[in-house]
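Asker: One structure, as structure tokens, below. Some questions next.
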Amino acid sequence: MANILIVDDSPTERHVLKTILSKYSVNLTFATNGEEGVEAAKASKPDLILMDVVMPGLNGFQATRLLSKTPETANVPVIMVSTKDQETDKIWGMRQGAKGYVTKPVQEAELLRAIREFIQV
């Protein structure tokens, strides 16, 4: 069973992602900001991280960059999940180390396609 860490400051967005993913064989853990997400990733070594961009404190771009440069989390794929939908946002996310980018509102098929590039669900 795959372990997915969801990093999002919005309770509504965490609920949406949980509702979609609860239909599949995955264990979900949650962090409510970038700092918590980085610490949770180091502690639990998830198989995949779904990372919001716009969060207080350490934003998703900064957290992803930190995760990609930290040896114990560098191999964990990060998929950005954000309302920021400009092509420049997607390019910047990939430059920070993200392996995928899904825009909100999340469509289940698009999310699953992005996740299945890296893990079985």
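We name chains A, B, ... following the order of the structure tokens; residues begin at 1 in each chain, and ligands are numbered from 1 as shown.
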Which residues are close to stretch 29-45 of chain A, i.e. within 7 Å by only C-alpha atoms, leaving aside same-chain residues fewer than 5 positions away? Reply as a compact mmCIF listing (two decimals) with N, CA and C atoms, in the first residue's frame.

Answerer:
# COMPACT_ATOMS: atom_id res chain seq x y z
N ILE A 4 1.05 8.36 0.81
CA ILE A 4 1.02 9.67 0.18
C ILE A 4 0.90 10.74 1.26
N LEU A 5 1.78 11.74 1.17
CA LEU A 5 1.73 12.89 2.05
C LEU A 5 1.06 14.04 1.30
N ILE A 6 0.02 14.60 1.89
CA ILE A 6 -0.69 15.74 1.31
C ILE A 6 -0.32 16.97 2.12
N VAL A 7 0.25 17.97 1.44
CA VAL A 7 0.65 19.21 2.10
C VAL A 7 -0.22 20.34 1.54
N ASP A 8 -1.17 20.81 2.36
CA ASP A 8 -2.08 21.87 1.91
C ASP A 8 -2.63 22.56 3.14
N ASP A 9 -2.65 23.90 3.12
CA ASP A 9 -3.15 24.65 4.27
C ASP A 9 -4.67 24.73 4.31
N MET A 55 0.87 28.79 0.38
CA MET A 55 0.71 28.51 1.82
C MET A 55 1.50 29.56 2.59
N PRO A 56 1.06 29.84 3.82
CA PRO A 56 1.83 30.79 4.62
C PRO A 56 3.19 30.20 5.03
N LEU A 58 6.68 28.83 4.58
CA LEU A 58 7.38 28.16 3.48
C LEU A 58 6.34 27.74 2.43
N ASN A 59 6.40 28.35 1.25
CA ASN A 59 5.40 27.99 0.24
C ASN A 59 5.78 26.67 -0.44
N GLY A 60 4.90 26.19 -1.29
CA GLY A 60 5.12 24.88 -1.92
C GLY A 60 6.34 24.83 -2.81
N ALA A 63 9.30 24.61 -0.35
CA ALA A 63 9.33 23.29 0.30
C ALA A 63 9.79 22.22 -0.69
N LEU A 67 13.01 19.83 -0.31
CA LEU A 67 12.89 18.37 -0.36
C LEU A 67 13.78 17.76 -1.44
N GLU A 72 17.70 12.62 2.12
CA GLU A 72 16.73 11.59 2.52
C GLU A 72 15.37 11.74 1.86
N THR A 73 15.10 12.88 1.20
CA THR A 73 13.81 13.07 0.52
C THR A 73 13.96 13.35 -0.97

Asker: Write out as a PyMOL selection string which residues come within 12 Å of A:Gln107 when counting only C-alpha atoms, dropping same-chain ones fewer than 3 positions away.

Answerer: chain A and resi 16-17+19-21+81+102-104+110-114

Asker: How many Å separate atom CA of A:Tyr101 from atom CA of A:Ile79?

Answerer: 5.4 Å

Asker: Would you write out, as JSON lines, a table of all residues in stretch 20-56 of chain A that have an atom no more than 12 Å from an atom of stretch 95-98 of chain A, listing for each the closest atom pair and the distance in Å to one decimal, considering only C-alpha atoms and ordering rows by chain and rising residue number?

Answerer:
{"residue": "A:Leu48", "atom": "CA", "partner": "A:Ala98", "partner_atom": "CA", "distance": 10.7}
{"residue": "A:Ile49", "atom": "CA", "partner": "A:Ala98", "partner_atom": "CA", "distance": 9.5}
{"residue": "A:Leu50", "atom": "CA", "partner": "A:Ala98", "partner_atom": "CA", "distance": 9.7}
{"residue": "A:Met51", "atom": "CA", "partner": "A:Ala98", "partner_atom": "CA", "distance": 8.9}
{"residue": "A:Asp52", "atom": "CA", "partner": "A:Ala98", "partner_atom": "CA", "distance": 11.3}
{"residue": "A:Val53", "atom": "CA", "partner": "A:Ala98", "partner_atom": "CA", "distance": 11.1}

Asker: Could you save those same residues with N, CA, C and O atoms as a tab-separated table (two decimals), in the first residue's frame?

Answerer:
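result15.tsv, freshly written:
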chain	number	residue	atom	x	y	z
A	48	LEU	N	5.06	9.36	-2.21
A	48	LEU	CA	4.70	10.47	-3.09
A	48	LEU	C	4.19	11.62	-2.22
A	48	LEU	O	3.60	11.39	-1.16
A	49	ILE	N	4.41	12.86	-2.68
A	49	ILE	CA	3.92	14.04	-1.98
A	49	ILE	C	3.05	14.85	-2.93
A	49	ILE	O	3.46	15.12	-4.07
A	50	LEU	N	1.86	15.24	-2.46
A	50	LEU	CA	1.00	16.19	-3.18
A	50	LEU	C	1.17	17.52	-2.47
A	50	LEU	O	0.83	17.65	-1.28
A	51	MET	N	1.71	18.52	-3.16
A	51	MET	CA	2.14	19.77	-2.55
A	51	MET	C	1.37	20.97	-3.10
A	51	MET	O	1.45	21.25	-4.30
A	52	ASP	N	0.66	21.67	-2.21
A	52	ASP	CA	0.05	22.95	-2.58
A	52	ASP	C	1.18	23.96	-2.80
A	52	ASP	O	2.29	23.77	-2.33
A	53	VAL	N	0.88	25.05	-3.49
A	53	VAL	CA	1.89	26.09	-3.70
A	53	VAL	C	1.68	27.25	-2.73
A	53	VAL	O	2.59	27.64	-2.01

Asker: Which residues are near A:Gly100? Cut-off 9 Å, only C-alpha atoms, ignore same chain within fewer than 5 positions. Put them as a PyMOL selection string.

Answerer: chain A and resi 77-81+90+93-94+114-115

Asker: List every residue of chain A that DSSP, applied to the backbone of this structure, assigns to helix (DSSP H, G or I), and report them as a short mmCIF file (atom, residue, chain, number, x, y, z; two decimals) with N, CA, C and O atoms, in the first residue's frame.

Answerer:
data_model
loop_
_atom_site.label_atom_id
_atom_site.label_comp_id
_atom_site.auth_asym_id
_atom_site.auth_seq_id
_atom_site.Cartn_x
_atom_site.Cartn_y
_atom_site.Cartn_z
N PRO A 11 -8.28 23.21 4.72
CA PRO A 11 -9.00 22.01 5.14
C PRO A 11 -9.91 21.47 4.04
O PRO A 11 -10.06 20.26 3.89
N THR A 12 -10.49 22.37 3.25
CA THR A 12 -11.38 21.95 2.16
C THR A 12 -10.60 21.16 1.12
O THR A 12 -11.05 20.10 0.67
N GLU A 13 -9.44 21.68 0.71
CA GLU A 13 -8.64 20.98 -0.30
C GLU A 13 -8.12 19.64 0.23
O GLU A 13 -8.09 18.66 -0.51
N ARG A 14 -7.72 19.60 1.50
CA ARG A 14 -7.29 18.32 2.08
C ARG A 14 -8.43 17.32 2.03
O ARG A 14 -8.25 16.14 1.71
N HIS A 15 -9.65 17.78 2.34
CA HIS A 15 -10.82 16.91 2.31
C HIS A 15 -11.10 16.41 0.89
O HIS A 15 -11.41 15.23 0.69
N VAL A 16 -11.01 17.30 -0.09
CA VAL A 16 -11.24 16.91 -1.49
C VAL A 16 -10.26 15.82 -1.91
O VAL A 16 -10.65 14.79 -2.47
N LEU A 17 -8.98 16.02 -1.62
CA LEU A 17 -7.96 15.03 -1.99
C LEU A 17 -8.18 13.72 -1.23
O LEU A 17 -8.07 12.63 -1.80
N LYS A 18 -8.52 13.82 0.05
CA LYS A 18 -8.79 12.62 0.85
C LYS A 18 -9.97 11.85 0.28
O LYS A 18 -9.93 10.62 0.17
N THR A 19 -11.03 12.56 -0.10
CA THR A 19 -12.22 11.92 -0.66
C THR A 19 -11.89 11.17 -1.95
O THR A 19 -12.31 10.03 -2.14
N ILE A 20 -11.11 11.81 -2.82
CA ILE A 20 -10.73 11.15 -4.07
C ILE A 20 -9.87 9.93 -3.80
O ILE A 20 -10.12 8.84 -4.32
N LEU A 21 -8.84 10.09 -2.97
CA LEU A 21 -7.86 9.02 -2.79
C LEU A 21 -8.31 7.91 -1.84
O LEU A 21 -7.74 6.82 -1.87
N GLY A 34 4.25 24.27 4.53
CA GLY A 34 5.48 23.77 3.95
C GLY A 34 6.46 23.22 4.98
O GLY A 34 7.08 22.18 4.76
N GLU A 35 6.60 23.93 6.10
CA GLU A 35 7.53 23.46 7.14
C GLU A 35 7.13 22.09 7.66
O GLU A 35 7.95 21.19 7.77
N GLU A 36 5.83 21.93 7.98
CA GLU A 36 5.32 20.63 8.45
C GLU A 36 5.53 19.57 7.39
O GLU A 36 5.85 18.42 7.70
N GLY A 37 5.30 19.94 6.13
CA GLY A 37 5.44 18.99 5.04
C GLY A 37 6.86 18.46 4.91
O GLY A 37 7.07 17.26 4.74
N VAL A 38 7.83 19.36 5.01
CA VAL A 38 9.24 18.94 4.93
C VAL A 38 9.58 18.01 6.09
O VAL A 38 10.19 16.95 5.89
N GLU A 39 9.16 18.38 7.29
CA GLU A 39 9.45 17.54 8.46
C GLU A 39 8.74 16.19 8.37
O GLU A 39 9.32 15.15 8.68
N ALA A 40 7.48 16.20 7.93
CA ALA A 40 6.73 14.94 7.79
C ALA A 40 7.37 14.05 6.73
O ALA A 40 7.44 12.82 6.90
N ALA A 41 7.86 14.63 5.65
CA ALA A 41 8.50 13.84 4.60
C ALA A 41 9.79 13.20 5.11
O ALA A 41 10.06 12.04 4.82
N LYS A 42 10.56 13.94 5.87
CA LYS A 42 11.80 13.39 6.44
C LYS A 42 11.48 12.26 7.42
O LYS A 42 12.17 11.25 7.45
N ALA A 43 10.43 12.44 8.23
CA ALA A 43 10.09 11.46 9.26
C ALA A 43 9.44 10.21 8.70
O ALA A 43 9.77 9.10 9.13
N SER A 44 8.55 10.36 7.72
CA SER A 44 7.76 9.21 7.27
C SER A 44 8.18 8.63 5.93
O SER A 44 7.72 7.56 5.55
N GLY A 60 4.90 26.19 -1.29
CA GLY A 60 5.12 24.88 -1.92
C GLY A 60 6.34 24.83 -2.81
O GLY A 60 7.02 23.82 -2.88
N PHE A 61 6.65 25.92 -3.52
CA PHE A 61 7.87 25.96 -4.34
C PHE A 61 9.10 25.82 -3.47
O PHE A 61 10.01 25.05 -3.75
N GLN A 62 9.14 26.58 -2.36
CA GLN A 62 10.29 26.55 -1.46
C GLN A 62 10.42 25.17 -0.80
O GLN A 62 11.52 24.63 -0.70
N ALA A 63 9.30 24.61 -0.35
CA ALA A 63 9.33 23.29 0.30
C ALA A 63 9.79 22.22 -0.69
O ALA A 63 10.59 21.35 -0.34
N THR A 64 9.31 22.29 -1.92
CA THR A 64 9.71 21.31 -2.94
C THR A 64 11.21 21.41 -3.23
O THR A 64 11.90 20.40 -3.33
N ARG A 65 11.71 22.63 -3.34
CA ARG A 65 13.15 22.82 -3.58
C ARG A 65 13.96 22.22 -2.43
O ARG A 65 14.94 21.51 -2.65
N LEU A 66 13.52 22.47 -1.19
CA LEU A 66 14.20 21.94 -0.02
C LEU A 66 14.17 20.41 -0.02
O LEU A 66 15.20 19.75 0.21
N LEU A 67 13.01 19.83 -0.31
CA LEU A 67 12.89 18.37 -0.36
C LEU A 67 13.78 17.76 -1.44
O LEU A 67 14.40 16.72 -1.23
N SER A 68 13.85 18.42 -2.59
CA SER A 68 14.64 17.86 -3.70
C SER A 68 16.15 17.96 -3.44
O SER A 68 16.92 17.23 -4.05
N LYS A 69 16.56 18.85 -2.55
CA LYS A 69 17.98 19.02 -2.26
C LYS A 69 18.41 18.30 -0.98
O LYS A 69 19.59 18.29 -0.65
N GLU A 87 1.54 28.74 -17.24
CA GLU A 87 2.63 27.88 -17.71
C GLU A 87 3.92 28.19 -16.95
O GLU A 87 4.68 27.29 -16.63
N THR A 88 4.14 29.47 -16.63
CA THR A 88 5.35 29.84 -15.89
C THR A 88 5.36 29.22 -14.49
O THR A 88 6.43 28.85 -13.99
N ASP A 89 4.19 29.08 -13.86
CA ASP A 89 4.11 28.44 -12.55
C ASP A 89 4.51 26.96 -12.66
O ASP A 89 5.24 26.44 -11.82
N LYS A 90 4.01 26.31 -13.70
CA LYS A 90 4.33 24.89 -13.90
C LYS A 90 5.82 24.70 -14.15
O LYS A 90 6.45 23.80 -13.58
N ILE A 91 6.38 25.54 -15.00
CA ILE A 91 7.83 25.46 -15.29
C ILE A 91 8.63 25.71 -14.02
O ILE A 91 9.58 24.97 -13.73
N TRP A 92 8.24 26.72 -13.25
CA TRP A 92 8.96 27.03 -12.02
C TRP A 92 8.86 25.87 -11.03
O TRP A 92 9.84 25.51 -10.38
N GLY A 93 7.69 25.26 -10.92
CA GLY A 93 7.53 24.10 -10.04
C GLY A 93 8.46 22.96 -10.42
O GLY A 93 9.09 22.35 -9.57
N MET A 94 8.57 22.70 -11.72
CA MET A 94 9.46 21.64 -12.18
C MET A 94 10.93 22.00 -11.90
O MET A 94 11.72 21.14 -11.54
N ARG A 95 11.27 23.26 -12.04
CA ARG A 95 12.64 23.69 -11.75
C ARG A 95 12.98 23.54 -10.26
O ARG A 95 14.15 23.42 -9.92
N GLU A 108 -10.39 14.13 -10.73
CA GLU A 108 -9.92 12.82 -10.27
C GLU A 108 -9.05 12.13 -11.33
O GLU A 108 -7.97 11.63 -11.01
N ALA A 109 -9.49 12.10 -12.57
CA ALA A 109 -8.75 11.40 -13.62
C ALA A 109 -7.36 12.02 -13.82
O ALA A 109 -6.37 11.30 -13.96
N GLU A 110 -7.28 13.34 -13.81
CA GLU A 110 -5.99 14.00 -13.99
C GLU A 110 -5.06 13.73 -12.81
O GLU A 110 -3.87 13.46 -12.99
N LEU A 111 -5.61 13.78 -11.59
CA LEU A 111 -4.81 13.51 -10.40
C LEU A 111 -4.27 12.08 -10.43
O LEU A 111 -3.08 11.84 -10.20
N LEU A 112 -5.14 11.12 -10.74
CA LEU A 112 -4.72 9.72 -10.76
C LEU A 112 -3.69 9.46 -11.86
O LEU A 112 -2.74 8.70 -11.65
N ARG A 113 -3.85 10.10 -13.00
CA ARG A 113 -2.87 9.95 -14.08
C ARG A 113 -1.49 10.43 -13.60
O ARG A 113 -0.48 9.76 -13.82
N ALA A 114 -1.45 11.57 -12.92
CA ALA A 114 -0.19 12.11 -12.42
C ALA A 114 0.42 11.19 -11.36
O ALA A 114 1.61 10.90 -11.39
N ILE A 115 -0.40 10.71 -10.44
CA ILE A 115 0.09 9.84 -9.38
C ILE A 115 0.60 8.52 -9.94
O ILE A 115 1.66 8.02 -9.54
N ARG A 116 -0.14 7.95 -10.88
CA ARG A 116 0.22 6.62 -11.42
C ARG A 116 1.50 6.62 -12.24
O ARG A 116 2.02 5.55 -12.56
#
